[in-house]
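Novice: Take a look at the following structure, please.
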Amino acid sequence: MAISKRIYLVVGLLAMAAFVFGGCADPADDAPPADQRHVPEEAEEPEEEPEAEPEEEEARVYYQLTPRTRIGFVGSSPITGSQRGGFEVFEGTISIADGGLSTLRAEGVIDAASVQAGSETLVNALKADILDVEQYPEIRFTATNVEEDNGQYTLVGDLELHGVTREIGFPIESPSIDEDSVRMESYFSISRENWNIYYEGHGWDPPGWRGAMDDAIRPRVAIQLDLRAERIED
C-alpha cells in the first residue's frame, strides 16, 4: 500500500510538472520582494499640538489605464521551471499633483477570472484552486504613498488578494509623465503564502494526497507591470 501511494505521488508530480512548467531557474530570484516591508520600531508619541487649519487640496491630474497596460506574472516549479501568465481585464486610475512623481496616487482592480496562461488546463487550475475566482473575483491595489531614496522611487500601497490585504512596496522603473500620459514599469516578487494561497492539486493529486502538489510550485511569484495611462479630460 505504501509503495502504491508513492507511485501515485511521483506520477502525479511528474505529470503536472511536465505539463505546466519549463526550465529550472526561479524567476523571483532577480525580483525584489515587494511584500517584505520594514516596520519601524514604535516611537514615543509626541505631545499633541493644536490642530492646524486644513490646507487646500492640491490640484491633481487624473489618468486612466489603457488596454496597452500589461499585468503579468511568472510562477515556477523547483522540478522543471517557469510559466508566464497575466490578466486581460482590469481598470484603474493614476493621479499626480504638479507633475511630481512623489505625489503619485493610484487605484486599480483586476478581474481575477481574466487570468491567462500557457494552457486551458493551467488556466482552469489557476481559477479554481489557486485564485479561487468564484469566492474572490477581484484583485485590488490602492497606492497610499511614494517613497524616494537617492532618486529611486517605491510605490507603497495595499494589495487585496484572495481575501487578504497586505501592504507592499515595489520599485517604479522608467517613469514617463507628461500632461497627456503616464507610463511606468516594475518588476518585483511576492509570496503567495502571504495571501493564504496554496495549491490543492485539483485534478492532479492521487486519492488521499490532496494538497501534496503545493510543494511542486514555488511560493514566490514574479510580477511584471507595464502601466500606461492617458489623461482623463476635465
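Numbering starts fresh at 1 for the residues of each chain in the C-alpha cells, the chains themselves are lettered A, B, ... in the order given, and ligands are numbered from 1 as they appear.
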Find the residues near Phe188 in chain A: any atom within 8 Å, counting only C-alpha atoms, skip ones fewer than 3 places away on the same chain, and give them as a PyMOL selection string.

Specialist: chain A and resi 28+31-34+170-171+222-224

Novice: So that I can check the surroundings of Asp158 in chain A, please list as a JSON list (two decimals) with N, CA and C atoms, in the first residue's frame every protein, DNA and RNA residue that reaches within 8 Å of it, counting only C-alpha atoms and ignoring chain neighbours fewer than 3 positions away.

Specialist:
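Below you can see around_38.json, which holds the result:
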```
[["chain", "number", "residue", "atom", "x", "y", "z"],
["A", 140, "ARG", "N", -7.35, 43.86, -5.89],
["A", 140, "ARG", "CA", -7.32, 45.32, -5.80],
["A", 140, "ARG", "C", -5.99, 45.82, -5.26],
["A", 141, "PHE", "N", -5.59, 46.98, -5.77],
["A", 141, "PHE", "CA", -4.41, 47.66, -5.24],
["A", 141, "PHE", "C", -4.74, 49.13, -5.07],
["A", 142, "THR", "N", -4.41, 49.67, -3.90],
["A", 142, "THR", "CA", -4.61, 51.09, -3.61],
["A", 142, "THR", "C", -3.30, 51.67, -3.12],
["A", 143, "ALA", "N", -2.73, 52.57, -3.90],
["A", 143, "ALA", "CA", -1.46, 53.20, -3.52],
["A", 143, "ALA", "C", -1.71, 54.24, -2.45],
["A", 144, "THR", "N", -0.85, 54.25, -1.44],
["A", 144, "THR", "CA", -1.02, 55.18, -0.33],
["A", 144, "THR", "C", 0.14, 56.16, -0.19],
["A", 165, "THR", "N", -5.54, 41.41, 2.75],
["A", 165, "THR", "CA", -4.98, 42.70, 2.38],
["A", 165, "THR", "C", -3.65, 42.88, 3.11],
["A", 166, "ARG", "N", -2.59, 43.15, 2.32],
["A", 166, "ARG", "CA", -1.26, 43.37, 2.88],
["A", 166, "ARG", "C", -0.61, 44.56, 2.20],
["A", 167, "GLU", "N", 0.22, 45.27, 2.97],
["A", 167, "GLU", "CA", 0.96, 46.39, 2.39],
["A", 167, "GLU", "C", 2.16, 45.88, 1.61],
["A", 168, "ILE", "N", 2.37, 46.42, 0.43],
["A", 168, "ILE", "CA", 3.54, 46.09, -0.37],
["A", 168, "ILE", "C", 4.19, 47.38, -0.84]]
```

Novice: Find the residue from A:Asp35, A:Asp214, A:Glu230, A:Glu147 that sits nearest to Tyr62 in chain A; use only C-alpha atoms when measuring.

Specialist: A:Glu230

Novice: Give me, as a Markdown table, the closest atom pair and its distance (Å, one decimal) for every residue of range 97-142 of chain A within a cut-off of 12 Å of range 71-79 of chain A, counting only C-alpha atoms, rows sorted by chain and rising number.

Specialist:
```
| residue | atom | partner | partner_atom | distance |
| --- | --- | --- | --- | --- |
| A:Gly108 | CA | A:Ile71 | CA | 11.2 |
| A:Val109 | CA | A:Ile71 | CA | 11.2 |
| A:Ile110 | CA | A:Ile71 | CA | 9.2 |
| A:Asp111 | CA | A:Ile71 | CA | 11.4 |
| A:Ala112 | CA | A:Ile71 | CA | 11.6 |
| A:Ser114 | CA | A:Ile71 | CA | 11.1 |
| A:Val115 | CA | A:Gly72 | CA | 9.3 |
| A:Gln116 | CA | A:Gly72 | CA | 9.2 |
| A:Ala117 | CA | A:Phe73 | CA | 9.4 |
| A:Gly118 | CA | A:Val74 | CA | 11.1 |
| A:Leu122 | CA | A:Gly75 | CA | 11.6 |
| A:Leu126 | CA | A:Gly75 | CA | 11.1 |
| A:Ile130 | CA | A:Gly75 | CA | 11.7 |
| A:Ile139 | CA | A:Ile71 | CA | 11.8 |
```

Novice: Quick one: residues within 9 Å of Ser181 in chain A, only C-alpha atoms counted, chain neighbours fewer than 4 positions away excluded, as a ChimeraX atom specification?

Specialist: /A:63-64,176-177,228-231

Novice: Mind the document's chain letters and residue numbers, and return as a ChimeraX atom specification the residues of range 34-226 of chain A that DSSP labels strand (DSSP E or B).

Specialist: /A:60-65,70-77,81-87,90-97,105-111,115-116,138-149,152-161,164-177,181-191,220-226

Novice: Skip range 103-107 of chain A itself and residues of its chain fewer than 2 positions away, then list as a PDB file with N, CA and C atoms, in the first residue's frame all residues within 6 Å of it, counting only C-alpha atoms.

Specialist:
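This is the output file selection.pdb:
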```pdb
ATOM      1  N   GLY A  92      -8.201  51.106 -13.815  1.00  0.00           N
ATOM      2  CA  GLY A  92      -7.532  51.822 -12.751  1.00  0.00           C
ATOM      3  C   GLY A  92      -7.247  53.259 -13.114  1.00  0.00           C
ATOM      4  N   THR A  93      -6.934  54.048 -12.100  1.00  0.00           N
ATOM      5  CA  THR A  93      -6.615  55.461 -12.302  1.00  0.00           C
ATOM      6  C   THR A  93      -5.320  55.808 -11.573  1.00  0.00           C
ATOM      7  N   ILE A  94      -4.637  56.790 -12.115  1.00  0.00           N
ATOM      8  CA  ILE A  94      -3.432  57.350 -11.519  1.00  0.00           C
ATOM      9  C   ILE A  94      -3.644  58.853 -11.429  1.00  0.00           C
ATOM     10  N   SER A  95      -3.244  59.458 -10.326  1.00  0.00           N
ATOM     11  CA  SER A  95      -3.328  60.910 -10.209  1.00  0.00           C
ATOM     12  C   SER A  95      -1.996  61.453  -9.710  1.00  0.00           C
ATOM     13  N   ILE A  96      -1.650  62.629 -10.209  1.00  0.00           N
ATOM     14  CA  ILE A  96      -0.377  63.264  -9.875  1.00  0.00           C
ATOM     15  C   ILE A  96      -0.609  64.754  -9.688  1.00  0.00           C
ATOM     16  N   ALA A  97       0.027  65.322  -8.689  1.00  0.00           N
ATOM     17  CA  ALA A  97      -0.094  66.758  -8.435  1.00  0.00           C
ATOM     18  C   ALA A  97       1.178  67.461  -8.907  1.00  0.00           C
ATOM     19  N   GLY A 100       4.712  65.920 -10.168  1.00  0.00           N
ATOM     20  CA  GLY A 100       5.745  65.302  -9.352  1.00  0.00           C
ATOM     21  C   GLY A 100       5.462  63.838  -9.064  1.00  0.00           C
ATOM     22  N   LEU A 101       6.438  62.981  -9.330  1.00  0.00           N
ATOM     23  CA  LEU A 101       6.261  61.547  -9.116  1.00  0.00           C
ATOM     24  C   LEU A 101       6.003  61.223  -7.648  1.00  0.00           C
ATOM     25  N   PHE A 141      -5.588  46.978  -5.769  1.00  0.00           N
ATOM     26  CA  PHE A 141      -4.414  47.661  -5.243  1.00  0.00           C
ATOM     27  C   PHE A 141      -4.739  49.132  -5.072  1.00  0.00           C
ATOM     28  N   THR A 142      -4.414  49.668  -3.899  1.00  0.00           N
ATOM     29  CA  THR A 142      -4.614  51.087  -3.613  1.00  0.00           C
ATOM     30  C   THR A 142      -3.301  51.668  -3.118  1.00  0.00           C
ATOM     31  N   ALA A 143      -2.727  52.570  -3.898  1.00  0.00           N
ATOM     32  CA  ALA A 143      -1.461  53.200  -3.523  1.00  0.00           C
ATOM     33  C   ALA A 143      -1.713  54.245  -2.448  1.00  0.00           C
TER      34      ALA A 143
END
```

Novice: To one decimal place in Å, what is the distance between CA of Val61 in chain A and CA of Leu155 in chain A?

Specialist: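 That distance, rounded to one decimal, is 17.8 Å.
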
Novice: CA of Pro67 in chain A to CA of Leu227 in chain A: how many Å, to one decimal?

Specialist: 9.5 Å

Novice: Kindly give the distance, in Å, that separates CA of Thr154 in chain A and CA of Ser102 in chain A, rounded to a single decimal.

Specialist: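 Atom-to-atom, CA of Thr154 in chain A and CA of Ser102 in chain A are spaced 9.2 Å apart.
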
Novice: Which is closest to Glu173 in chain A among A:Asn150, A:Ser186, A:Gln135, A:Asn196, if we use only C-alpha atoms?

Specialist: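 Of A:Asn150, A:Ser186, A:Gln135, A:Asn196, the one nearest Glu173 in chain A is A:Ser186, counting only C-alpha atoms.
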
Novice: I need the residue nearest Arg84 in chain A from this list: A:Asn124, A:Asn145, A:Ser119, A:Gln152. Use only C-alpha atoms for the distance.

Specialist: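 Among the listed residues, A:Ser119 lies closest to Arg84 in chain A.
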
Novice: Hey, what's within 7 Å of His162 in chain A if we count only C-alpha atoms and toss same-chain stuff fewer than 2 positions away? As JSON, numbers by chain, please?

Specialist: {"A": [131, 136, 160, 164, 195]}

Novice: Hey, what's within 9 Å of Glu134 in chain A if we count only C-alpha atoms and toss same-chain stuff fewer than 4 positions away? As a list in words, please?

Specialist: Ala113, Lys127 and Ala128 of chain A

Novice: From a backbone DSSP assignment, name each residue in range 29-224 of chain A labelled helix (DSSP H, G or I), as a list in words.

Specialist: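 Matching residues, listed in order: Asp29, Asp30, Leu101, Ser102, Thr103, Ala112, Ala113, Ser114, Glu120, Thr121, Leu122, Val123, Asn124, Ala125, Leu126, Lys127, Ala128, Asp129, Ile130, Arg192, Glu193, Asn194, Trp195, Ala212, Met213, Asp214, Asp215 and Ala216 of chain A.
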